[in-house]
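This report refers to the structure that appears directly beneath it.
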Number of protein chains: 2
Amino acid sequence: MQGTRFLSKGGTLRLPLLPCLMVMFNKVYLVGVGLMNGSLAKDLKRCRLARVIVGVGRNSRRLGQARALGLIDAYQLLANADVSNADLIVLGVPVRQVSTVLALLKPSLRAPAIITDIGSTKRSVIQAAAEIFGELPPRLVPGHPIAGREASGFEHAQEHLFKDHKVILTPVEVTQAAAINSVKAMWHAVGAQVAEMSAARHDAILSATSHLPHLAAYTLVNCLGARPDAQDIFTYAAGGLTDFTRVASSDAAMWVDICLANKDQILASMAEFNHCLHNLRAAIERHDEDAIHSLFTHAKRTRDINLLKE
Amino acid sequence: MQGTRFLSKGGTLRLPLLPCLMVMFNKVYLVGVGLMNGSLAKDLKRCRLARVIVGVGRNSRRLGQARALGLIDAYQLLANADVSNADLIVLGVPVRQVSTVLALLKPSLRAPAIITDIGSTKRSVIQAAAEIFGELPPRLVPGHPIAGREASGFEHAQEHLFKDHKVILTPVEVTQAAAINSVKAMWHAVGAQVAEMSAARHDAILSATSHLPHLAAYTLVNCLGARPDAQDIFTYAAGGLTDFTRVASSDAAMWVDICLANKDQILASMAEFNHCLHNLRAAIERHDEDAIHSLFTHAKRTRDINLLKE
């Protein structure tokens with residue numbers, strides 16, 4: 001009975017989505033096995049998208065644990081990694097380490113391997129690749145799955161982490177369409193929605209939607225923690241504060257990297273935020289009820305239209 | 001078998017908590033029947049703490065709906081309210097309306113009635129009462145349950161809203177101990193934890209834990225919404241942004257009132273936040289990796305210790 005549904009009104013044959021269907025890659029190398037690459041590993045296995053998953057990292061003890069958990073099938077230390085038979089390499093390291101990692105992989109890298117990454121800044125990845133390879137590898141597909149949790153480490157990896165989340169790919173002119181399509185197919189297969197845009201546009205958007213809220217959350221926690229009544233502050237914290245500062249439990253080193261790798265856009269977004277905050281402060285100072293009301297009403301309407309999940 | 005558990009090791013008789021046990025008030029008047037007073041009404045009924053609940057407000061259609069839903073047993077219009085036989089009056093109106101409301105209730109108010117409120121600022125309530133009554137009524141117990149949702153209106157009222165939440169009472173010197181105890185017993189009965197402190201301390205703490213995050217959230221939404229790429233911004237919003245701005249869906253008029261009623265403390269908290277944000281911006285500008293790392297590490301540690309819920 002379900003079968004008849006595939007034929008839509010117009011008579012076109014509509015096939016059901018089969019997200020987990022076939023081996024896409026023989027050998028996938030995950031460089032950096034943390035929360036994100038660990039979750040990707042789970043989905044690659046669940047969907048049988050890869051025959052063998054090799055973890056690459058700096059800490060053999062941690063890599064051994066990841067293998068014991070079944071996330072990866074084998075592992076290599078980054079310092080003497082051999083990726084010569086890789087079909088796909090996914091870089092899951094803090095963005096400012098991409099350059100070092102590419103330099104270490106370069107000697108064993110062969111032309112057919114597709115390289116992608118999951119970093120939160122994209123111009124920096126392209127720049128790092130250009131520096132290491134002299135020119136941009138045509139099979140490098142910079143990417144950023146907009147998913148994650150404030151927890152870190154493969155212990156927190158989870159299946160379906162990317163389901164219904166956006167993945168932004170930022171290919172450049174020389175990037176091969178076939179490489180883009182492979183990376184796109186992988187993300188589709190694990191349930192994500194894929195968009196393409198320039199690295200510059202990605203970095204501008206993310207500086208506002210992700211980087212700025214993280215910095216504001218870290219800042220608010222420090223600001224409250226420095227008050228003489230800090231203990232009271234946290235004792236009487238409402239749900240709003242807990243939600244607002246959730247991302248301040250994110251990995252510090254990763255966020256230092258993002259700050260420095262997307263410095264210009266982050267400073268621009270911080271300046272805009274500061275300007276808006278100043279306007280509100282000025283309205284409160286002059287007791288300007290209408291101005292405050294208009295700011296809050298506008299914000300509420302904007303959020304209710306664009307971000308309200310019910 | 002359960003019964004034997006009441007006798008603890010030391011031999012002391014430990015009675016189980018019986019939160020819902022008896023009629024505490026004959027007639028309770030809820031002035032303003034919104035999310036908070038509506039939720040309180042549900043719990044008062046569920047726990048049989050009040051024989052009759054009377055809703056008082058400005059809109060007879062809305063009050064009729066609340067009665068039809070069974071939240072209240074009867075209603076009166078505020079303009080000609082008669083609270084002469086009230087045991088308890090709970091003010092659930094925006095904080096800057098407390099003065100007007102008290103002036104309207106004053107003619108019919110009798111000495112035995114206990115008055116409390118649920119407003120987010122406490123000095124303003126005390127000041128309003130002093131203005132209207134000439135001196136502070138000994139049975140006025142200013143209060144603030146730190147609970148709520150960004151939704152408003154009695155349609156969103158829910159049972160157990162106050163369970164395990166803090167309620168801060170800010171009695172003054174003339175406040176009768178018996179009145180404090182009655183209000184405290186009511187909040188305990190609906191599952192809340194009650195603390196007492198001065199109104200000034202309350203207003204300072206809440207300006208930081210609640211008011212500042214609300215203002216930052218409203219501001220961030222406006223700031224993002226004003227960008228030329230606003231549509232992209234919201235399309236690619238991550239969970240962090242949704243959480244961060246959740247409170248920006250709160251009622252605008254209520255928050256205008258809070259801003260103006262707690263103006264001095266809010267301006268002080270905004271100035272502190274601005275200072276902290278400036279420090280981070282300066283560290284990013286001068287590419288000071290160590291300073292940024294130290295700020296983020298400190299914030300993460302502070303949040304993980306004080307606000308992490310697992």
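Identifiers in the structure tokens: chain A, B, ... in order shown; residue index from 1 per chain; ligand index from 1 in order shown.
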Compile the residues of chain B that lie within 7 Å of chain A, evaluated using only C-alpha atoms, and express the compilation as a VMD selection string. chain B and resid 146 to 147 166 205 208 to 210 213 218 to 225 232 to 234 236 to 238 240 to 244 247 to 250 252 to 253 256 259 to 260 263 267 272 to 273 276 to 277 281 284 287 289 292 to 293 296 to 297 299 to 300 302 to 304 306 to 307
Non-local contacts of Leu63 in chain A (10 Å; only C-alpha atoms; under 5 positions in same chain excluded) as a ChimeraX atom specification: /A:32-34,54-58,68-69,71-72,74-77,154
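DSSP annotation of range 41-181 of chain A from backbone atoms: strand (DSSP E or B) residues are Ala50, Arg51, Val52, Ile53, Val54, Gly55, Val56, Gly57, Ala74, Tyr75, Gln76, Leu77, Leu88, Ile89, Val90, Leu91, Ile114, Ile115, Thr116, Asp117, Leu140, Val141, Gly143, His144, Pro145, Lys166, Val167, Ile168 and Leu169 of chain A.
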Output of the above residues as a compact mmCIF listing (two decimals), in the first residue's frame, restricted to C-alpha atoms:
```txt
# COMPACT_ATOMS: atom_id res chain seq x y z
CA ALA A 50 32.62 3.37 4.96
CA ARG A 51 34.30 -0.03 4.87
CA VAL A 52 37.13 0.96 7.20
CA ILE A 53 37.44 3.98 9.48
CA VAL A 54 40.93 4.95 10.59
CA GLY A 55 41.36 7.42 13.43
CA VAL A 56 44.38 9.70 13.31
CA GLY A 57 45.51 11.67 16.34
CA ALA A 74 42.25 1.21 13.39
CA TYR A 75 44.37 4.19 14.29
CA GLN A 76 47.57 5.96 13.39
CA LEU A 77 49.59 8.61 15.14
CA LEU A 88 38.13 10.47 2.26
CA ILE A 89 39.95 12.43 4.95
CA VAL A 90 37.88 14.43 7.46
CA LEU A 91 39.80 16.98 9.50
CA ILE A 114 39.02 13.81 -1.00
CA ILE A 115 39.76 16.08 1.95
CA THR A 116 37.06 17.86 3.91
CA ASP A 117 36.87 19.39 7.36
CA LEU A 140 39.66 19.80 -0.88
CA VAL A 141 36.05 20.58 0.07
CA GLY A 143 32.88 22.16 5.22
CA HIS A 144 31.13 23.04 8.46
CA PRO A 145 28.33 21.02 10.01
CA LYS A 166 22.74 22.42 8.19
CA VAL A 167 26.15 21.68 6.70
CA ILE A 168 27.79 24.53 4.82
CA LEU A 169 30.35 23.65 2.15
```
Expected answer as a PyMOL selection string: helix (DSSP H, G or I) residues in range 20-83 of chain B: chain B and resi 35-46+60-68+78-80
Keeping C-alpha atoms for every residue in the selection just given, could you write it to a file as a PDB file, in the first residue's frame?
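Done, and the output landed in part_7.pdb:
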```
ATOM      1  CA  LEU B  35       1.097  32.849  33.247  1.00  0.00           C
ATOM      2  CA  MET B  36       2.410  33.137  36.794  1.00  0.00           C
ATOM      3  CA  ASN B  37      -0.764  33.773  38.790  1.00  0.00           C
ATOM      4  CA  GLY B  38      -2.547  31.281  36.521  1.00  0.00           C
ATOM      5  CA  SER B  39       0.036  28.628  37.375  1.00  0.00           C
ATOM      6  CA  LEU B  40      -0.240  29.518  41.061  1.00  0.00           C
ATOM      7  CA  ALA B  41      -4.024  29.152  40.761  1.00  0.00           C
ATOM      8  CA  LYS B  42      -3.612  25.639  39.362  1.00  0.00           C
ATOM      9  CA  ASP B  43      -1.359  24.655  42.251  1.00  0.00           C
ATOM     10  CA  LEU B  44      -3.595  26.279  44.873  1.00  0.00           C
ATOM     11  CA  LYS B  45      -6.461  24.187  43.506  1.00  0.00           C
ATOM     12  CA  ARG B  46      -4.435  21.027  43.101  1.00  0.00           C
ATOM     13  CA  SER B  60     -13.777  40.759  31.659  1.00  0.00           C
ATOM     14  CA  ARG B  61     -13.599  38.630  28.499  1.00  0.00           C
ATOM     15  CA  ARG B  62     -10.191  37.259  29.504  1.00  0.00           C
ATOM     16  CA  LEU B  63     -11.293  36.789  33.106  1.00  0.00           C
ATOM     17  CA  GLY B  64     -14.360  34.904  31.865  1.00  0.00           C
ATOM     18  CA  GLN B  65     -12.091  32.595  29.868  1.00  0.00           C
ATOM     19  CA  ALA B  66      -9.919  31.955  32.927  1.00  0.00           C
ATOM     20  CA  ARG B  67     -13.052  31.086  34.910  1.00  0.00           C
ATOM     21  CA  ALA B  68     -14.276  28.821  32.107  1.00  0.00           C
ATOM     22  CA  LEU B  78     -10.041  45.959  38.972  1.00  0.00           C
ATOM     23  CA  ALA B  79     -11.746  49.358  38.677  1.00  0.00           C
ATOM     24  CA  ASN B  80     -14.380  48.370  41.254  1.00  0.00           C
TER      25      ASN B  80
END
```
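If you look at CA of Asp203 in chain A and CA of Glu155 in chain A, they are 28.9 Å away from each other.
By chain and then residue number, the residues within 12 Å of Arg139 in chain A are A:Asp87, A:Leu88, A:Ile89, A:Leu109, A:Arg110, A:Ala111, A:Pro112, A:Ala113, A:Ile114, A:Ile115, A:Thr116, A:Asp117, A:Ala129, A:Pro171, A:Val172, A:Glu173, A:Val174, A:Thr175, A:Gln176, A:Ala177, A:Ala178, A:Ala179, A:Ile180, A:Asn181, A:Ser182, A:Val183, counting only C-alpha atoms and disregarding those fewer than 6 positions away in sequence.
Distance check against Ala86 in chain A using only C-alpha atoms: of A:Lys163, A:Leu105, A:Gly70, A:Ile132, the minimum falls on A:Leu105.
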